[in-house]
$ cat coords_38.cif   # mmCIF, C-alpha atoms and all ligand atoms
data_final
#
loop_
_atom_site.label_atom_id
_atom_site.label_comp_id
_atom_site.auth_asym_id
_atom_site.auth_seq_id
_atom_site.Cartn_x
_atom_site.Cartn_y
_atom_site.Cartn_z
CA MET A 28 -26.28 -41.46 28.29
CA GLU A 29 -29.58 -39.87 27.37
CA VAL A 30 -30.04 -36.47 25.70
CA ILE A 31 -33.25 -34.63 26.57
CA GLU A 32 -34.40 -31.39 24.95
CA SER A 33 -37.87 -30.92 26.41
CA VAL A 34 -38.57 -29.33 29.79
CA ALA A 35 -41.60 -31.57 30.44
CA LEU A 36 -39.68 -34.74 29.62
CA MET A 37 -36.72 -33.71 31.77
CA GLN A 38 -39.05 -32.96 34.68
CA SER A 39 -40.80 -36.31 34.48
CA LYS A 40 -37.48 -38.15 34.14
CA ALA A 41 -36.09 -36.35 37.20
CA GLU A 42 -39.25 -37.18 39.16
CA GLU A 43 -38.91 -40.84 38.16
CA LEU A 44 -35.30 -40.89 39.40
CA ARG A 45 -36.32 -39.36 42.72
CA LEU A 46 -39.19 -41.82 43.17
CA SER A 47 -36.82 -44.71 42.49
CA GLY A 48 -34.69 -43.49 45.40
CA SER A 49 -31.76 -42.12 43.35
CA THR A 50 -30.00 -38.95 44.41
CA ILE A 51 -29.51 -36.45 41.59
CA GLY A 52 -26.35 -34.38 41.10
CA PHE A 53 -26.68 -31.48 38.68
CA VAL A 54 -24.02 -29.53 36.76
CA PRO A 55 -25.30 -26.51 34.81
CA THR A 56 -23.06 -25.42 31.91
CA MET A 57 -23.14 -23.28 28.81
CA GLY A 58 -21.24 -25.93 26.85
CA PHE A 59 -17.90 -25.67 25.02
CA LEU A 60 -16.79 -28.00 27.75
CA HIS A 61 -13.24 -28.18 29.10
CA GLU A 62 -11.48 -30.08 31.86
CA GLY A 63 -12.91 -27.68 34.48
CA HIS A 64 -16.47 -28.70 33.56
CA LEU A 65 -15.55 -32.39 33.46
CA GLU A 66 -14.15 -32.08 36.97
CA LEU A 67 -17.51 -30.66 38.16
CA MET A 68 -19.20 -33.71 36.63
CA ARG A 69 -16.78 -36.12 38.33
CA VAL A 70 -17.48 -34.45 41.67
CA ALA A 71 -21.23 -34.70 41.03
CA GLY A 72 -20.73 -38.39 40.18
CA ARG A 73 -18.96 -39.04 43.47
CA LEU A 74 -21.67 -37.30 45.48
CA SER A 75 -24.83 -38.65 43.82
CA ASP A 76 -26.34 -41.70 42.10
CA LYS A 77 -27.32 -39.99 38.85
CA VAL A 78 -25.72 -36.99 37.15
CA ILE A 79 -27.62 -34.53 35.00
CA VAL A 80 -25.67 -31.91 33.01
CA SER A 81 -27.35 -29.01 31.25
CA ILE A 82 -25.91 -27.35 28.17
CA PHE A 83 -27.65 -24.06 27.49
CA VAL A 84 -26.13 -20.76 26.39
CA ASN A 85 -28.43 -18.53 28.40
CA PRO A 86 -29.28 -15.33 26.50
CA ALA A 87 -30.64 -13.69 29.66
CA GLN A 88 -27.20 -13.39 31.25
CA PHE A 89 -25.54 -11.57 28.33
CA GLY A 90 -25.76 -7.81 27.95
CA PRO A 91 -26.64 -6.25 24.57
CA GLN A 92 -22.96 -5.51 23.81
CA GLU A 93 -21.69 -8.90 25.00
CA ASP A 94 -20.64 -12.07 23.20
CA PHE A 95 -23.88 -14.13 23.21
CA ALA A 96 -23.96 -14.58 19.41
CA LYS A 97 -20.33 -15.54 19.16
CA TYR A 98 -20.07 -17.47 22.45
CA PRO A 99 -18.25 -20.71 21.45
CA ARG A 100 -20.54 -23.69 20.82
CA ASP A 101 -19.65 -27.29 19.97
CA THR A 102 -22.55 -29.62 20.66
CA GLN A 103 -21.06 -32.74 19.08
CA GLY A 104 -17.69 -32.18 20.79
CA ASP A 105 -19.45 -31.60 24.12
CA LEU A 106 -21.48 -34.82 23.86
CA ALA A 107 -18.30 -36.79 23.05
CA LYS A 108 -16.55 -35.32 26.13
CA VAL A 109 -19.47 -36.00 28.42
CA GLU A 110 -19.41 -39.68 27.37
CA LYS A 111 -16.08 -40.00 29.20
CA VAL A 112 -17.33 -38.91 32.61
CA PRO A 113 -20.14 -40.27 34.77
CA VAL A 114 -23.08 -38.42 33.23
CA ASP A 115 -26.49 -40.04 32.87
CA ILE A 116 -28.53 -37.30 31.23
CA VAL A 117 -27.63 -34.22 29.18
CA PHE A 118 -30.40 -31.64 29.20
CA MET A 119 -30.07 -29.44 26.11
CA PRO A 120 -33.11 -27.18 25.75
CA SER A 121 -33.59 -24.53 23.08
CA ALA A 122 -34.06 -20.88 24.05
CA ALA A 123 -37.75 -21.15 23.09
CA GLU A 124 -38.12 -24.13 25.42
CA MET A 125 -36.59 -22.23 28.34
CA TYR A 126 -38.11 -18.83 27.58
CA PRO A 127 -41.41 -19.47 25.80
CA GLU A 128 -43.55 -16.60 24.64
CA GLY A 129 -44.97 -14.72 27.60
CA PHE A 130 -42.06 -15.54 29.93
CA GLN A 131 -41.65 -12.59 32.31
CA SER A 132 -40.35 -13.75 35.69
CA LYS A 133 -37.00 -12.83 37.18
CA VAL A 134 -34.96 -13.93 40.19
CA SER A 135 -32.81 -11.15 41.57
CA VAL A 136 -30.28 -11.52 44.37
CA GLY A 137 -29.70 -8.06 45.87
CA ASP A 138 -26.34 -6.70 46.98
CA LEU A 139 -24.18 -9.68 46.03
CA SER A 140 -25.15 -9.21 42.39
CA ARG A 141 -24.11 -5.57 42.34
CA HIS A 142 -20.42 -5.97 43.27
CA LEU A 143 -17.49 -7.06 41.08
CA CYS A 144 -18.80 -8.35 37.73
CA GLY A 145 -22.22 -6.87 38.49
CA LEU A 146 -20.77 -3.35 38.11
CA SER A 147 -19.81 -3.76 34.46
CA ARG A 148 -22.42 -6.44 33.66
CA PRO A 149 -25.68 -5.03 35.02
CA GLY A 150 -28.43 -7.65 34.96
CA HIS A 151 -25.96 -10.51 34.44
CA PHE A 152 -26.59 -12.18 37.79
CA ASP A 153 -30.36 -11.78 37.48
CA GLY A 154 -30.03 -13.77 34.26
CA VAL A 155 -27.89 -16.38 35.98
CA ALA A 156 -30.12 -16.69 39.07
CA THR A 157 -33.26 -16.89 36.93
CA VAL A 158 -31.98 -19.64 34.66
CA VAL A 159 -30.41 -21.62 37.51
CA CYS A 160 -33.65 -21.43 39.51
CA LYS A 161 -35.58 -22.70 36.49
CA LEU A 162 -33.00 -25.43 35.80
CA PHE A 163 -33.30 -26.57 39.43
CA ASN A 164 -37.08 -26.81 39.02
CA ILE A 165 -36.62 -28.87 35.87
CA THR A 166 -33.83 -31.23 36.96
CA LYS A 167 -34.88 -31.49 40.65
CA PRO A 168 -31.34 -32.04 41.99
CA HIS A 169 -30.30 -33.01 45.52
CA ILE A 170 -26.92 -31.37 44.92
CA ALA A 171 -25.69 -28.89 42.31
CA VAL A 172 -22.02 -28.37 41.51
CA PHE A 173 -20.42 -25.04 40.50
CA GLY A 174 -16.84 -23.92 39.85
CA GLN A 175 -15.14 -21.57 42.28
CA LYS A 176 -13.65 -19.68 39.33
CA ASP A 177 -17.02 -17.94 39.12
CA TYR A 178 -16.80 -17.06 42.81
CA GLN A 179 -19.49 -14.39 42.68
CA GLN A 180 -21.85 -16.67 40.77
CA LEU A 181 -21.36 -19.34 43.43
CA ALA A 182 -22.06 -16.75 46.14
CA VAL A 183 -25.20 -15.50 44.37
CA ILE A 184 -26.57 -19.02 43.82
CA SER A 185 -25.82 -20.04 47.41
CA ARG A 186 -27.63 -16.93 48.66
CA MET A 187 -30.64 -17.61 46.40
CA VAL A 188 -30.86 -21.21 47.62
CA GLU A 189 -30.68 -20.16 51.25
CA ASP A 190 -33.07 -17.21 50.91
CA MET A 191 -35.66 -19.21 48.98
CA ALA A 192 -35.25 -22.39 51.10
CA MET A 193 -34.53 -24.40 47.97
CA ASP A 194 -33.91 -28.01 48.87
CA VAL A 195 -30.59 -28.40 47.07
CA ASP A 196 -27.02 -28.52 48.40
CA ILE A 197 -24.60 -26.27 46.55
CA VAL A 198 -21.08 -27.64 46.13
CA GLY A 199 -18.16 -25.41 45.05
CA VAL A 200 -15.20 -27.02 43.27
CA PRO A 201 -11.70 -25.48 43.08
CA THR A 202 -10.72 -23.95 39.74
CA VAL A 203 -8.98 -26.22 37.27
CA ARG A 204 -5.95 -24.54 35.71
CA GLU A 205 -3.71 -24.97 32.70
CA GLU A 206 -0.18 -26.07 33.55
CA ASP A 207 1.07 -22.47 33.63
CA GLY A 208 -1.72 -21.39 36.01
CA LEU A 209 -4.28 -19.83 33.65
CA ALA A 210 -7.78 -20.66 34.92
CA MET A 211 -9.65 -22.83 32.43
CA SER A 212 -12.49 -21.01 30.70
CA SER A 213 -14.47 -21.49 27.52
CA ARG A 214 -13.50 -17.90 26.64
CA ASN A 215 -9.77 -18.81 26.55
CA ALA A 216 -10.56 -20.08 23.05
CA TYR A 217 -10.81 -16.45 21.90
CA LEU A 218 -7.18 -15.63 22.84
CA SER A 219 -4.46 -15.27 20.19
CA ALA A 220 -1.03 -16.74 21.03
CA GLU A 221 0.29 -13.34 22.23
CA GLU A 222 -2.86 -12.64 24.23
CA ARG A 223 -2.63 -16.10 25.79
CA ARG A 224 0.83 -15.15 27.11
CA SER A 225 -0.48 -11.86 28.51
CA ALA A 226 -3.42 -13.64 30.13
CA LEU A 227 -1.03 -15.07 32.71
CA CYS A 228 -0.97 -11.61 34.31
CA LEU A 229 -4.07 -12.52 36.35
CA LYS A 230 -2.30 -15.35 38.13
CA LYS A 231 0.93 -13.35 38.45
CA ALA A 232 -0.96 -10.41 39.98
CA MET A 233 -2.55 -12.65 42.60
CA ASP A 234 0.86 -14.20 43.35
CA ARG A 235 2.31 -10.73 43.85
CA ALA A 236 -0.52 -9.71 46.20
CA GLY A 237 0.02 -12.91 48.14
CA GLU A 238 3.70 -12.20 48.55
CA LEU A 239 2.99 -8.68 49.81
CA TYR A 240 0.46 -10.03 52.32
CA ALA A 241 2.84 -12.77 53.45
CA ARG A 242 5.47 -10.09 54.09
CA GLY A 243 3.06 -8.29 56.39
CA GLU A 244 1.34 -5.72 54.14
CA ARG A 245 -2.20 -5.10 55.43
CA ASP A 246 -3.21 -2.06 53.38
CA SER A 247 -5.44 -3.34 50.58
CA SER A 248 -4.70 -0.30 48.39
CA VAL A 249 -1.03 -1.31 48.29
CA LEU A 250 -1.99 -4.82 47.08
CA LYS A 251 -4.42 -3.38 44.57
CA SER A 252 -2.08 -0.84 43.02
CA SER A 253 0.71 -3.38 42.82
CA MET A 254 -1.60 -5.86 41.01
CA GLU A 255 -2.85 -3.12 38.67
CA ARG A 256 0.70 -2.10 37.76
CA LEU A 257 1.70 -5.68 37.05
CA ILE A 258 -1.37 -6.32 34.88
CA LEU A 259 -0.88 -3.15 32.84
CA GLU A 260 2.78 -4.05 32.17
CA HIS A 261 1.38 -6.86 30.01
CA PRO A 262 0.33 -6.04 26.44
CA PHE A 263 -3.35 -6.01 25.35
CA THR A 264 -4.65 -5.67 28.93
CA ASN A 265 -7.45 -3.46 30.13
CA ILE A 266 -8.60 -3.73 33.76
CA ASP A 267 -12.30 -4.09 34.52
CA TYR A 268 -11.73 -4.48 38.26
CA VAL A 269 -9.12 -5.50 40.78
CA SER A 270 -10.82 -6.10 44.09
CA VAL A 271 -9.66 -7.04 47.55
CA CYS A 272 -12.85 -7.82 49.37
CA ASP A 273 -14.72 -9.68 52.06
CA PRO A 274 -15.29 -13.27 50.86
CA VAL A 275 -18.88 -13.35 52.17
CA THR A 276 -20.33 -9.90 51.43
CA LEU A 277 -17.91 -9.03 48.58
CA ASP A 278 -17.63 -5.53 50.10
CA ASP A 279 -14.25 -3.84 49.46
CA LEU A 280 -11.81 -4.02 52.36
CA GLU A 281 -9.43 -1.25 53.40
CA THR A 282 -7.44 -3.10 56.03
CA LEU A 283 -6.75 -6.78 55.60
CA GLY A 284 -7.54 -9.28 58.31
CA ASP A 285 -6.96 -13.02 58.35
CA ARG A 286 -9.22 -13.89 55.43
CA PHE A 287 -10.03 -12.04 52.23
CA LEU A 288 -10.74 -12.53 48.57
CA ILE A 289 -8.77 -11.22 45.63
CA ALA A 290 -11.01 -11.00 42.56
CA LEU A 291 -9.95 -9.81 39.12
CA ALA A 292 -11.59 -9.14 35.77
CA VAL A 293 -9.25 -8.14 32.98
CA LYS A 294 -9.85 -7.75 29.28
CA VAL A 295 -7.02 -9.26 27.27
CA GLY A 296 -7.61 -8.01 23.75
CA LYS A 297 -11.36 -8.40 23.41
CA THR A 298 -11.59 -11.33 25.83
CA ARG A 299 -12.76 -10.67 29.36
CA LEU A 300 -11.14 -13.04 31.84
CA ILE A 301 -11.88 -13.46 35.54
CA ASP A 302 -10.02 -15.16 38.34
CA ASN A 303 -9.93 -15.08 42.12
CA ARG A 304 -8.08 -16.36 45.12
CA LEU A 305 -9.16 -16.81 48.69
CA VAL A 306 -6.39 -15.80 51.09
CA LYS A 307 -6.30 -17.04 54.67
CA LYS A 308 -3.65 -16.05 57.18
CA ALA A 309 -3.45 -19.38 58.99
CA ASN A 310 -1.97 -21.08 55.91
CA ASN A 311 0.08 -18.02 55.11
CA PHE A 312 -0.93 -17.47 51.48
CA GLU A 313 -3.30 -20.22 50.56
CA ARG A 314 -3.58 -21.18 46.92
CA SER A 315 -7.18 -22.21 47.10
CA GLY A 316 -7.14 -22.96 43.39
CA SER A 317 -10.14 -20.76 43.02
O1 LIG A 401 -21.37 -20.74 34.71
C1 LIG A 401 -22.07 -20.89 33.69
O2 LIG A 401 -21.68 -21.54 32.74
C2 LIG A 401 -23.46 -20.24 33.65
O3 LIG A 401 -23.45 -19.01 34.26
C3 LIG A 401 -24.56 -21.15 34.21
C4 LIG A 401 -24.37 -21.42 35.69
C5 LIG A 401 -24.60 -22.45 33.45
C6 LIG A 401 -25.92 -20.46 34.05
O4 LIG A 401 -26.20 -20.20 32.71
#

$ encode --input "coords_38.cif" --output "structure tokens" --more "lines below"
Ligand code: PAF
Amino acid sequence: MEVIESVALMQSKAEELRLSGSTIGFVPTMGFLHEGHLELMRVAGRLSDKVIVSIFVNPAQFGPQEDFAKYPRDTQGDLAKVEKVPVDIVFMPSAAEMYPEGFQSKVSVGDLSRHLCGLSRPGHFDGVATVVCKLFNITKPHIAVFGQKDYQQLAVISRMVEDMAMDVDIVGVPTVREEDGLAMSSRNAYLSAEERRSALCLKKAMDRAGELYARGERDSSVLKSSMERLILEHPFTNIDYVSVCDPVTLDDLETLGDRFLIALAVKVGKTRLIDNRLVKKANNFERSGS
């Protein structure tokens, strides 16, 4: 496995791989890797000849009051983990390498970026789209793999790729969960033992909404208020949003049809957690794992 820090070197290496006929699978990450990330890498390995993983904590997607400075980092631990999965190159640029002096461009994906997390994190998805666009130009992937836990991010990136006719296939991978159902996230490391117990309220809330839907409830406000009550019964919780929305546009729904998305963002103590579930009528209440 090779570690590359320079943009120019990564670009020429990616070009070489393409010219040799290899397909490139790319997994962008911000490091502090867990089983969820490793699963994205395994999927990339199954779908392509060579796997490139980036590790870059992207300052442009953090707001001024957010956790950029204290976002967990563990470069040595990450490199050891990546050795165990089929990864050929780790691209680990510095902030100065990605955003050199004079950098001033921005990729902005309209409406999709303004819903859900976009409401409390203005500018977040511009930061994500911008860095992912640049990472695509550097690593030149045929496919890029993202987790469905960040459903809105996946939607924004898919939209950007389609709108800009980028020649890369976006693959979404179901969320990997702890045994008790908590979605894996680098931010889970912030939780105290008591907060970790409370954090299960996200999964329980989605279960409750699913049960209501399965029993025939079609008024989204009933699902929402029931989820909100359940979440607030748990200590340390503060709701950012509870949304029942269209899975494509992310617009709120009033009456539920055969397919909708439940998306949640809840602060547990100081840690903001997100989760989501795609519900389809045909399979009753589908646990998409997302
Ligand atoms: O999901 C993440 O870890 C980040 O948002 C990403 C896609 C690596 C861009 O910085």

$ residues_around --input "coords_38.cif" --residues "Ser47 in chain A" --least-positions-apart "6" --cutoff "12 Å" --atoms "all atoms listed in the file" --output "PyMOL selection string"
chain A and resi 40-41+76-77

$ residues_near_ligand --input "coords_38.cif" --ligand "ligand LIG 401 (chain A)" --cutoff "9 Å" --atoms "all atoms listed in the file" --output "NGL selection string"
:A and (54-58 or 64 or 81-88 or 151-152 or 154-159 or 162 or 173-174 or 177 or 180-181 or 184 or 213)

$ residues_around --input "coords_38.cif" --residues "range 34-38 of chain A" --least-positions-apart "3" --cutoff "7 Å" --atoms "only C-alpha atoms" --output "mmCIF file with C-alpha atoms, keeping the file's coordinate frame"
data_model
loop_
_atom_site.group_PDB
_atom_site.id
_atom_site.type_symbol
_atom_site.label_atom_id
_atom_site.label_comp_id
_atom_site.auth_asym_id
_atom_site.auth_seq_id
_atom_site.Cartn_x
_atom_site.Cartn_y
_atom_site.Cartn_z
ATOM 1 C CA ILE A 31 -33.250 -34.630 26.570
ATOM 2 C CA ALA A 41 -36.090 -36.350 37.200
ATOM 3 C CA GLU A 42 -39.250 -37.180 39.160
ATOM 4 C CA GLU A 124 -38.120 -24.130 25.420
ATOM 5 C CA ILE A 165 -36.620 -28.870 35.870
ATOM 6 C CA THR A 166 -33.830 -31.230 36.960
#

$ atom_distance --input "coords_38.cif" --atom1 "CA of Leu218 in chain A" --atom2 "CA of Thr264 in chain A"
11.9 Å

$ axis_aligned_box --input "coords_38.cif" --around "range 115-119 of chain A" --padding-each-side "6 Å" --output "lines of an AutoDock Vina configuration file"
center_x = -28.4
center_y = -34.7
center_z = 29.5
size_x = 15.9
size_y = 22.6
size_z = 18.8

$ atom_distance --input "coords_38.cif" --atom1 "CA of Val269 in chain A" --atom2 "CA of Ile289 in chain A"
7.5 Å

$ residues_near_point --input "coords_38.cif" --point "(-22.3, -31.0, 47.8)" --cutoff "8 Å" --atoms "all atoms listed in the file" --output "PyMOL selection string"
chain A and resi 71+74+170-172+196-199

$ atom_distance --input "coords_38.cif" --atom1 "CA of Leu44 in chain A" --atom2 "CA of Val200 in chain A"
24.7 Å

$ closest_residue --input "coords_38.cif" --among "A:Val134, A:Leu288, A:Ile301, A:Ala216" --to "Thr276 in chain A" --atoms "only C-alpha atoms"
A:Leu288

$ closest_residue --input "coords_38.cif" --among "A:Lys161, A:Arg214, A:Lys167, A:Lys251" --to "Met233 in chain A" --atoms "all atoms listed in the file"
A:Lys251

$ decode --input "coords_38.cif" --residues "range 99-119 of chain A" --atoms "N, CA, C and O atoms" --output "PDB file, in the first residue's frame"
ATOM      1  N   PRO A  99     -11.923  13.794  15.753  1.00  0.00           N
ATOM      2  CA  PRO A  99     -10.925  12.775  16.102  1.00  0.00           C
ATOM      3  C   PRO A  99     -10.014  12.412  14.933  1.00  0.00           C
ATOM      4  O   PRO A  99     -10.474  12.274  13.804  1.00  0.00           O
ATOM      5  N   ARG A 100      -8.725  12.302  15.232  1.00  0.00           N
ATOM      6  CA  ARG A 100      -7.731  11.969  14.199  1.00  0.00           C
ATOM      7  C   ARG A 100      -6.824  10.871  14.739  1.00  0.00           C
ATOM      8  O   ARG A 100      -6.448  10.906  15.913  1.00  0.00           O
ATOM      9  N   ASP A 101      -6.455   9.934  13.889  1.00  0.00           N
ATOM     10  CA  ASP A 101      -5.559   8.845  14.317  1.00  0.00           C
ATOM     11  C   ASP A 101      -4.884   8.263  13.069  1.00  0.00           C
ATOM     12  O   ASP A 101      -5.225   7.173  12.605  1.00  0.00           O
ATOM     13  N   THR A 102      -3.922   9.002  12.548  1.00  0.00           N
ATOM     14  CA  THR A 102      -3.319   8.622  11.270  1.00  0.00           C
ATOM     15  C   THR A 102      -2.682   7.231  11.326  1.00  0.00           C
ATOM     16  O   THR A 102      -2.920   6.404  10.432  1.00  0.00           O
ATOM     17  N   GLN A 103      -1.912   6.964  12.375  1.00  0.00           N
ATOM     18  CA  GLN A 103      -1.224   5.663  12.432  1.00  0.00           C
ATOM     19  C   GLN A 103      -2.244   4.525  12.532  1.00  0.00           C
ATOM     20  O   GLN A 103      -2.135   3.508  11.846  1.00  0.00           O
ATOM     21  N   GLY A 104      -3.252   4.729  13.404  1.00  0.00           N
ATOM     22  CA  GLY A 104      -4.308   3.717  13.560  1.00  0.00           C
ATOM     23  C   GLY A 104      -5.043   3.501  12.234  1.00  0.00           C
ATOM     24  O   GLY A 104      -5.346   2.366  11.848  1.00  0.00           O
ATOM     25  N   ASP A 105      -5.316   4.579  11.522  1.00  0.00           N
ATOM     26  CA  ASP A 105      -6.029   4.477  10.240  1.00  0.00           C
ATOM     27  C   ASP A 105      -5.208   3.667   9.239  1.00  0.00           C
ATOM     28  O   ASP A 105      -5.739   2.786   8.549  1.00  0.00           O
ATOM     29  N   LEU A 106      -3.905   3.960   9.167  1.00  0.00           N
ATOM     30  CA  LEU A 106      -3.066   3.254   8.175  1.00  0.00           C
ATOM     31  C   LEU A 106      -3.007   1.767   8.507  1.00  0.00           C
ATOM     32  O   LEU A 106      -3.039   0.914   7.611  1.00  0.00           O
ATOM     33  N   ALA A 107      -2.983   1.440   9.815  1.00  0.00           N
ATOM     34  CA  ALA A 107      -2.946   0.025  10.210  1.00  0.00           C
ATOM     35  C   ALA A 107      -4.262  -0.658   9.796  1.00  0.00           C
ATOM     36  O   ALA A 107      -4.258  -1.788   9.295  1.00  0.00           O
ATOM     37  N   LYS A 108      -5.382   0.042   9.970  1.00  0.00           N
ATOM     38  CA  LYS A 108      -6.687  -0.559   9.596  1.00  0.00           C
ATOM     39  C   LYS A 108      -6.786  -0.778   8.094  1.00  0.00           C
ATOM     40  O   LYS A 108      -7.282  -1.797   7.621  1.00  0.00           O
ATOM     41  N   VAL A 109      -6.314   0.203   7.348  1.00  0.00           N
ATOM     42  CA  VAL A 109      -6.431   0.146   5.895  1.00  0.00           C
ATOM     43  C   VAL A 109      -5.584  -0.996   5.312  1.00  0.00           C
ATOM     44  O   VAL A 109      -5.914  -1.553   4.259  1.00  0.00           O
ATOM     45  N   GLU A 110      -4.532  -1.381   6.041  1.00  0.00           N
ATOM     46  CA  GLU A 110      -3.689  -2.506   5.593  1.00  0.00           C
ATOM     47  C   GLU A 110      -4.494  -3.801   5.491  1.00  0.00           C
ATOM     48  O   GLU A 110      -4.146  -4.709   4.768  1.00  0.00           O
ATOM     49  N   LYS A 111      -5.591  -3.878   6.270  1.00  0.00           N
ATOM     50  CA  LYS A 111      -6.346  -5.136   6.353  1.00  0.00           C
ATOM     51  C   LYS A 111      -7.434  -5.275   5.295  1.00  0.00           C
ATOM     52  O   LYS A 111      -8.153  -6.266   5.271  1.00  0.00           O
ATOM     53  N   VAL A 112      -7.614  -4.236   4.506  1.00  0.00           N
ATOM     54  CA  VAL A 112      -8.647  -4.304   3.459  1.00  0.00           C
ATOM     55  C   VAL A 112      -7.977  -4.019   2.108  1.00  0.00           C
ATOM     56  O   VAL A 112      -6.839  -3.548   2.068  1.00  0.00           O
ATOM     57  N   PRO A 113      -8.665  -4.309   1.014  1.00  0.00           N
ATOM     58  CA  PRO A 113      -7.990  -4.157  -0.274  1.00  0.00           C
ATOM     59  C   PRO A 113      -7.857  -2.693  -0.701  1.00  0.00           C
ATOM     60  O   PRO A 113      -8.662  -2.183  -1.471  1.00  0.00           O
ATOM     61  N   VAL A 114      -6.827  -2.039  -0.161  1.00  0.00           N
ATOM     62  CA  VAL A 114      -6.574  -0.640  -0.539  1.00  0.00           C
ATOM     63  C   VAL A 114      -5.177  -0.545  -1.143  1.00  0.00           C
ATOM     64  O   VAL A 114      -4.218  -1.087  -0.594  1.00  0.00           O
ATOM     65  N   ASP A 115      -5.077   0.112  -2.275  1.00  0.00           N
ATOM     66  CA  ASP A 115      -3.775   0.221  -2.951  1.00  0.00           C
ATOM     67  C   ASP A 115      -3.069   1.532  -2.623  1.00  0.00           C
ATOM     68  O   ASP A 115      -1.857   1.573  -2.475  1.00  0.00           O
ATOM     69  N   ILE A 116      -3.851   2.601  -2.552  1.00  0.00           N
ATOM     70  CA  ILE A 116      -3.231   3.911  -2.300  1.00  0.00           C
ATOM     71  C   ILE A 116      -4.052   4.678  -1.262  1.00  0.00           C
ATOM     72  O   ILE A 116      -5.289   4.719  -1.336  1.00  0.00           O
ATOM     73  N   VAL A 117      -3.358   5.269  -0.285  1.00  0.00           N
ATOM     74  CA  VAL A 117      -4.015   6.204   0.632  1.00  0.00           C
ATOM     75  C   VAL A 117      -3.534   7.600   0.256  1.00  0.00           C
ATOM     76  O   VAL A 117      -2.329   7.873   0.254  1.00  0.00           O
ATOM     77  N   PHE A 118      -4.478   8.456  -0.071  1.00  0.00           N
ATOM     78  CA  PHE A 118      -4.151   9.849  -0.408  1.00  0.00           C
ATOM     79  C   PHE A 118      -4.426  10.699   0.829  1.00  0.00           C
ATOM     80  O   PHE A 118      -5.556  10.743   1.313  1.00  0.00           O
ATOM     81  N   MET A 119      -3.356  11.306   1.363  1.00  0.00           N
ATOM     82  CA  MET A 119      -3.463  12.028   2.633  1.00  0.00           C
ATOM     83  C   MET A 119      -2.870  13.429   2.490  1.00  0.00           C
ATOM     84  O   MET A 119      -1.777  13.700   2.973  1.00  0.00           O
TER      85      MET A 119
END
